[in-house]
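Participant: See start.csv below, with CSV, C-alpha atoms and all ligand atoms.
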chain,number,residue,atom,x,y,z
A,557,MET,CA,-19.2,113.5,60.7
A,558,LYS,CA,-15.7,114.9,60.4
A,559,LYS,CA,-14.4,116.0,57.0
A,560,ARG,CA,-12.0,113.5,55.4
A,561,LEU,CA,-8.9,114.1,53.3
A,562,ILE,CA,-7.1,111.3,51.6
A,563,VAL,CA,-3.4,111.9,51.8
A,564,GLY,CA,-1.1,110.1,49.4
A,565,ILE,CA,2.7,110.1,49.7
A,566,SER,CA,4.5,108.8,46.6
A,567,GLY,CA,8.2,108.5,45.8
A,568,ALA,CA,9.0,112.0,44.6
A,569,SER,CA,11.3,114.2,46.5
A,570,GLY,CA,9.5,116.2,49.2
A,571,ALA,CA,8.0,113.7,51.5
A,572,ILE,CA,8.1,116.4,54.2
A,573,ILE,CA,5.3,118.2,52.3
A,574,GLY,CA,2.9,115.2,52.9
A,575,ILE,CA,4.1,114.9,56.5
A,576,LYS,CA,3.4,118.6,57.2
A,577,ILE,CA,-0.1,118.2,55.7
A,578,LEU,CA,-0.7,115.2,58.1
A,579,LYS,CA,0.6,117.2,61.1
A,580,GLU,CA,-1.7,120.1,60.3
A,581,LEU,CA,-4.7,117.8,59.9
A,582,MET,CA,-3.9,116.4,63.4
A,583,ARG,CA,-4.5,120.0,64.7
A,584,CYS,CA,-7.8,120.3,62.8
A,585,HIS,CA,-10.4,118.6,65.0
A,586,ASN,CA,-13.0,118.7,62.3
A,587,TRP,CA,-10.8,116.8,59.8
A,588,GLU,CA,-9.7,113.2,59.5
A,589,SER,CA,-6.7,112.1,57.5
A,590,HIS,CA,-6.6,108.9,55.5
A,591,LEU,CA,-3.1,108.0,54.6
A,592,VAL,CA,-1.7,105.8,51.8
A,593,VAL,CA,2.1,105.6,51.1
A,594,THR,CA,3.7,104.0,48.0
A,595,LYS,CA,6.8,101.9,48.2
A,596,GLY,CA,8.6,104.8,46.7
A,597,GLY,CA,7.2,107.1,49.3
A,598,GLU,CA,8.5,104.8,52.1
A,599,LYS,CA,11.9,105.1,50.6
A,600,THR,CA,11.9,108.9,50.4
A,601,ILE,CA,10.5,109.2,53.9
A,602,ASN,CA,13.5,107.2,55.0
A,603,MET,CA,16.1,108.9,52.9
A,604,GLU,CA,14.9,112.5,53.1
A,605,THR,CA,13.3,113.0,56.5
A,606,GLY,CA,14.2,112.3,60.1
A,607,TYR,CA,10.9,110.4,60.5
A,608,SER,CA,10.4,106.7,60.4
A,609,LEU,CA,7.5,105.2,58.4
A,610,ASP,CA,5.7,104.3,61.7
A,611,GLU,CA,6.0,107.8,63.0
A,612,VAL,CA,4.5,109.2,59.8
A,613,LYS,CA,1.7,106.6,60.0
A,614,SER,CA,1.0,107.5,63.6
A,615,MET,CA,0.1,111.1,62.4
A,616,ALA,CA,-2.8,109.8,60.3
A,617,ASP,CA,-6.3,108.9,61.6
A,618,VAL,CA,-6.5,105.9,59.3
A,619,ASN,CA,-3.8,104.1,57.4
A,620,TYR,CA,-4.1,101.9,54.4
A,621,PRO,CA,-1.7,99.3,52.9
A,622,ILE,CA,-0.7,100.2,49.4
A,623,ASP,CA,-1.3,96.8,48.0
A,624,ASP,CA,-4.8,96.3,49.3
A,625,ILE,CA,-7.1,97.6,46.6
A,626,GLY,CA,-10.0,96.3,48.6
A,627,GLU,CA,-9.8,99.1,51.2
A,628,ALA,CA,-12.6,101.7,51.7
A,629,ILE,CA,-10.8,104.5,49.7
A,630,ALA,CA,-10.8,102.3,46.6
A,631,SER,CA,-14.5,102.8,46.3
A,632,GLY,CA,-16.6,105.7,45.1
A,633,THR,CA,-18.9,105.0,48.0
A,634,PHE,CA,-16.2,106.3,50.4
A,635,LYS,CA,-17.3,109.7,51.7
A,636,CYS,CA,-14.5,112.2,51.6
A,637,ASN,CA,-13.7,115.8,50.8
A,638,GLY,CA,-10.9,115.1,48.4
A,639,MET,CA,-7.4,113.8,48.0
A,640,VAL,CA,-4.0,115.3,48.0
A,641,ILE,CA,-0.9,113.5,46.7
A,642,ALA,CA,2.1,115.2,48.3
A,643,PRO,CA,4.5,114.7,46.7
A,644,CYS,CA,3.4,113.1,43.5
A,645,SER,CA,6.0,111.3,41.4
A,646,MET,CA,6.0,111.3,37.6
A,647,LYS,CA,5.3,107.5,37.8
A,648,THR,CA,2.2,108.1,40.0
A,649,LEU,CA,1.2,111.0,37.7
A,650,ALA,CA,1.4,108.7,34.7
A,651,GLY,CA,-0.6,106.0,36.5
A,652,ILE,CA,-3.4,108.4,37.3
A,653,SER,CA,-3.3,110.0,33.9
A,654,SER,CA,-3.6,106.6,32.1
A,655,GLY,CA,-6.1,105.1,34.6
A,656,TYR,CA,-3.6,102.4,35.4
A,657,SER,CA,-4.6,101.8,39.0
A,658,ASP,CA,-2.4,99.0,40.2
A,659,ASN,CA,-2.0,100.2,43.7
A,660,LEU,CA,-4.4,101.7,46.3
A,661,LEU,CA,-3.1,105.2,46.0
A,662,LEU,CA,-3.6,105.2,42.2
A,663,ARG,CA,-7.0,103.6,42.6
A,664,ALA,CA,-8.1,106.3,45.2
A,665,ALA,CA,-6.9,109.0,42.8
A,666,ASP,CA,-8.8,107.3,39.9
A,667,VAL,CA,-11.9,107.3,42.1
A,668,SER,CA,-11.5,110.9,43.0
A,669,LEU,CA,-11.5,111.8,39.3
A,670,LYS,CA,-14.5,109.7,38.4
A,671,GLU,CA,-16.4,111.0,41.3
A,672,ARG,CA,-15.4,114.6,40.4
A,673,LYS,CA,-13.8,115.2,43.8
A,674,LYS,CA,-11.0,117.6,44.5
A,675,LEU,CA,-7.6,116.0,43.6
A,676,ALA,CA,-4.5,118.1,44.3
A,677,LEU,CA,-1.2,116.8,42.9
A,678,ILE,CA,2.0,118.2,44.2
A,679,THR,CA,3.9,117.0,41.2
A,680,ARG,CA,7.6,117.1,41.7
A,681,GLU,CA,10.3,116.7,39.0
A,682,THR,CA,12.6,119.0,37.1
A,683,PRO,CA,13.2,119.5,34.3
A,684,LEU,CA,9.9,118.2,32.9
A,685,SER,CA,9.8,115.9,29.8
A,686,LYS,CA,7.0,116.2,27.3
A,687,ILE,CA,5.5,113.0,28.8
A,688,HIS,CA,5.3,114.7,32.2
A,689,LEU,CA,3.8,117.8,30.7
A,690,LYS,CA,1.3,115.9,28.7
A,691,ASN,CA,0.2,113.9,31.8
A,692,MET,CA,-0.2,117.1,33.8
A,693,MET,CA,-2.2,118.7,31.0
A,694,GLU,CA,-4.4,115.7,30.7
A,695,LEU,CA,-5.2,115.6,34.4
A,696,SER,CA,-5.7,119.3,34.6
A,697,ASP,CA,-8.3,119.0,31.8
A,698,MET,CA,-10.0,116.4,33.9
A,699,GLY,CA,-10.2,118.7,36.9
A,700,ALA,CA,-7.2,117.7,38.9
A,701,ILE,CA,-5.3,120.6,40.4
A,702,ILE,CA,-1.6,120.5,39.4
A,703,MET,CA,0.5,122.1,42.0
A,704,PRO,CA,4.3,121.7,41.5
A,705,PRO,CA,6.1,122.7,44.7
A,706,VAL,CA,7.5,125.8,43.0
A,707,LEU,CA,9.6,128.2,45.1
A,708,SER,CA,8.1,131.5,46.0
A,709,PHE,CA,10.0,134.6,47.1
A,710,TYR,CA,7.3,137.2,47.6
A,711,ASN,CA,6.6,135.8,51.0
A,712,LYS,CA,10.3,136.5,52.0
A,713,PRO,CA,11.2,133.0,53.1
A,714,LYS,CA,14.3,132.7,55.3
A,715,THR,CA,14.5,128.9,55.5
A,716,ILE,CA,13.7,125.8,53.5
A,717,GLU,CA,11.0,125.3,56.1
A,718,ASP,CA,9.4,128.7,55.3
A,719,MET,CA,9.4,127.6,51.6
A,720,THR,CA,7.9,124.2,52.4
A,721,ASP,CA,5.3,125.8,54.6
A,722,HIS,CA,4.2,128.1,51.7
A,723,ILE,CA,3.6,125.0,49.5
A,724,VAL,CA,1.7,123.2,52.3
A,725,GLY,CA,-0.4,126.3,52.8
A,726,LYS,CA,-1.3,126.5,49.1
A,727,ALA,CA,-2.2,122.8,49.1
A,728,LEU,CA,-4.4,123.0,52.2
A,729,ASP,CA,-6.1,126.1,50.8
A,730,ILE,CA,-7.5,123.9,48.1
A,731,PHE,CA,-9.6,122.2,50.8
A,732,ASN,CA,-10.3,125.4,52.7
A,733,ILE,CA,-8.0,124.5,55.5
A,734,ASP,CA,-6.3,127.6,56.9
A,735,TYR,CA,-2.6,126.9,57.6
A,736,SER,CA,-1.2,129.1,60.4
A,737,ARG,CA,2.3,129.1,59.0
A,738,PHE,CA,1.1,130.3,55.6
A,739,LYS,CA,1.9,134.0,54.7
A,740,ARG,CA,-0.7,135.3,52.4
A,741,TRP,CA,0.2,138.1,50.0
A,742,GLY,CA,-0.9,141.4,51.3
A,743,GLN,CA,-1.6,140.1,54.8
A,744,ASN,CA,1.8,140.2,56.3
A,745,ASN,CA,3.4,143.0,54.2
A,746,ASP,CA,4.3,146.0,56.2
A,747,ARG,CA,3.0,148.9,54.1
A,748,THR,CA,2.7,151.4,56.9
A,749,SER,CA,4.6,154.6,56.2
A,750,LYS,CA,4.6,155.5,59.9
B,801,LIG,C1,15.5,110.0,47.0
B,801,LIG,C2,14.6,109.9,45.8
B,801,LIG,C3,14.1,111.0,45.2
B,801,LIG,C4,13.3,110.9,44.1
B,801,LIG,N1,12.7,112.0,43.6
B,801,LIG,C5,11.8,111.9,42.5
B,801,LIG,C6,11.2,113.1,42.1
B,801,LIG,O1,11.4,114.2,42.6
B,801,LIG,N2,10.3,113.0,41.1
B,801,LIG,C7,10.0,111.7,40.5
B,801,LIG,O2,9.1,111.7,39.7
B,801,LIG,N3,10.6,110.6,41.0
B,801,LIG,C8,11.5,110.7,41.9
B,801,LIG,N4,12.2,109.5,42.4
B,801,LIG,C9,11.9,108.3,41.7
B,801,LIG,C10,10.6,107.6,42.2
B,801,LIG,O3,10.7,107.3,43.5
B,801,LIG,C11,10.4,106.3,41.4
B,801,LIG,O4,10.1,106.6,40.0
B,801,LIG,C12,9.3,105.4,41.9
B,801,LIG,O5,9.2,104.3,41.1
B,801,LIG,C13,8.0,106.1,42.0
B,801,LIG,O6,7.0,105.2,42.4
B,801,LIG,P1,5.7,105.6,43.2
B,801,LIG,O7,5.1,106.8,42.5
B,801,LIG,O8,4.9,104.4,43.2
B,801,LIG,O9,6.2,106.0,44.6
B,801,LIG,C14,13.0,109.6,43.5
B,801,LIG,C15,13.6,108.5,44.1
B,801,LIG,C16,14.4,108.6,45.2
B,801,LIG,C17,15.0,107.4,45.9
Since I need it in another form, could you write the structure as structure tokens?
Facilitator:
Amino acid sequence: MKKRLIVGISGASGAIIGIKILKELMRCHNWESHLVVTKGGEKTINMETGYSLDEVKSMADVNYPIDDIGEAIASGTFKCNGMVIAPCSMKTLAGISSGYSDNLLLRAADVSLKERKKLALITRETPLSKIHLKNMMELSDMGAIIMPPVLSFYNKPKTIEDMTDHIVGKALDIFNIDYSRFKRWGQNNDRTSK
């Protein structure tokens, strides 16, 4: 059986991060992607990227309607290797943190927590209010991995895409998926004196 990753795209800025994760999973023949997009996510895909919702959906192996909480990923019996929410809005973060699972993405995240599965949240907002910070703290305490898409400079990015790829690489690393466009520290540094 292939490994399965649930990919959630919610309405924070940075839908391209989720899209790049889906694209990479298409290249990984031993992985299957299971996609759920919130209404907010539909909006940001539209407003921020050159992709239509249908194009994004076509990148996933399996698609789920956000309003159908009866889908397979709503159950702890669904076999999978974890879930990434990329990007994760502050509203979705609050929903997960409070257990208020009123859509399929929130329910799948709730299930990931209760089943003690890997849950990576690419939480995007700035600045952060105390509510946001408290929700992140709460979820980190419960085992979720809080991964704000923070800029990095040590990898010498030249473009926004380089910066995005770094975040995608870090997110995929959580699930032991090697992203070819990810520059690891120490690996690509030219330290030769000759
Ligand atoms: C273009 C755009 C960018 C947004 N960026 C963010 C963001 O970075 N972080 C955030 O928490 N909300 C952001 N929002 C607001 C969320 O989309 C909004 O709170 C929405 O209700 C989230 O719902 P969802 O989590 O179900 O997708 C953005 C909205 C739009 C239209």
Participant: Counting all atoms listed in the file, what residues are within 6 Å of ligand LIG 801 (chain B), given as a list in words?
Facilitator: Ser566, Gly567, Ala568, Ser569, Thr594, Lys595, Gly596, Gly597, Thr600, Ser645, Met646, Lys647, Thr648, Arg680 and Glu681 of chain A
Participant: What lies within 8 Å of A:Ala727 using all atoms listed in the file, ignoring chain neighbours under 3 positions off, as a short mmCIF file (atom, residue, chain, number, x, y, z; two decimals) with C-alpha atoms, in the coordinates of the input?
Facilitator:
data_model
loop_
_atom_site.label_atom_id
_atom_site.label_comp_id
_atom_site.auth_asym_id
_atom_site.auth_seq_id
_atom_site.Cartn_x
_atom_site.Cartn_y
_atom_site.Cartn_z
CA VAL A 640 -4.00 115.30 48.00
CA ALA A 676 -4.50 118.10 44.30
CA ILE A 678 2.00 118.20 44.20
CA MET A 703 0.50 122.10 42.00
CA ILE A 723 3.60 125.00 49.50
CA VAL A 724 1.70 123.20 52.30
CA ILE A 730 -7.50 123.90 48.10
CA PHE A 731 -9.60 122.20 50.80
#
Participant: Rounded to one decimal in Å, what is the spacing between atom CA of A:Arg560 and atom CA of A:Pro643?
Facilitator: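 Taking atom CA of A:Arg560 as the start and atom CA of A:Pro643 as the end point, the length is 18.7 Å.
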Participant: So that I can check the surroundings of A:Gly606, please list as a list in words every protein, DNA and RNA residue that reaches within 12 Å of it, counting all atoms listed in the file and ignoring chain neighbours fewer than 6 positions away.
Facilitator: Ala571, Ile572, Ile575, Thr600 and Val612 of chain A
Participant: With distances taken over all atoms listed in the file, which of A:Val563, A:Ile702, A:Leu591, A:Cys636 is nearest to A:Ser653?
Facilitator: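 With all atoms listed in the file as the atom set, the closest residue is A:Ile702.
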Participant: State, in Å with one decimal place, the distance from atom CA of A:Leu677 to atom CA of A:Ala700.
Facilitator: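 Computing it gives 7.3 Å between the two atoms.
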Participant: Report, in Å with one decimal, the straight-line distance from atom CA of A:Ile625 to atom CA of A:Lys576.
Facilitator: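 Those two atoms sit 25.8 Å apart.
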Participant: Can you pull out every residue within 7 Å of A:Gly564, counting all atoms listed in the file, but drop anything in the same chain fewer than 5 positions away, and send it as a compact mmCIF listing (two decimals) with C-alpha atoms, in the coordinates of the input?
Facilitator:
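Contents of part-v9.txt, freshly written:
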# COMPACT_ATOMS: atom_id res chain seq x y z
CA LEU A 591 -3.10 108.00 54.60
CA VAL A 592 -1.70 105.80 51.80
CA VAL A 593 2.10 105.60 51.10
CA VAL A 640 -4.00 115.30 48.00
CA ILE A 641 -0.90 113.50 46.70
CA ALA A 642 2.10 115.20 48.30
CA LEU A 661 -3.10 105.20 46.00
Participant: Mind checking which residues fall within 8 Å of A:Ile577, counting all atoms listed in the file, ignoring those fewer than 3 positions away in the same chain, and posting them as a ChimeraX atom specification?
Facilitator: /A:573-574,580-581,724,728
Participant: Considering all atoms listed in the file, can you say which of A:Tyr656, A:Trp741, A:Tyr620, A:Phe634 comes closest to A:Lys559?
Facilitator: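 Nearest to A:Lys559: A:Phe634.
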Participant: Of the candidates A:Glu588, A:Glu604, A:Asp734, A:Asp658, which shows the shortest atom-to-atom distance to A:Lys635, using only C-alpha atoms?
Facilitator: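 Among A:Glu588, A:Glu604, A:Asp734, A:Asp658, it is A:Glu588 that comes nearest to A:Lys635.
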Participant: Hey, what's within 12 Å of A:Asp666 if we count only C-alpha atoms and toss same-chain stuff fewer than 4 positions away? As a PyMOL selection string, please?
Facilitator: chain A and resi 625+629-632+638-639+648-662+670-675+695+698-700
Participant: Check the smallest atom-to-atom distance from each of A:Ile601, A:Leu609, A:Ala665, A:Met615 to A:Ile562 using all atoms listed in the file, then report the winner.
Facilitator: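 Among the listed residues, the smallest separation from A:Ile562 belongs to A:Ala665.
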Participant: Please, which residues are within 6 Å of (0.2, 125.9, 57.7) by the file's coordinates, counting only C-alpha atoms, and could they come as an NGL selection string?
Facilitator: :A and (721 or 725 or 735-738)
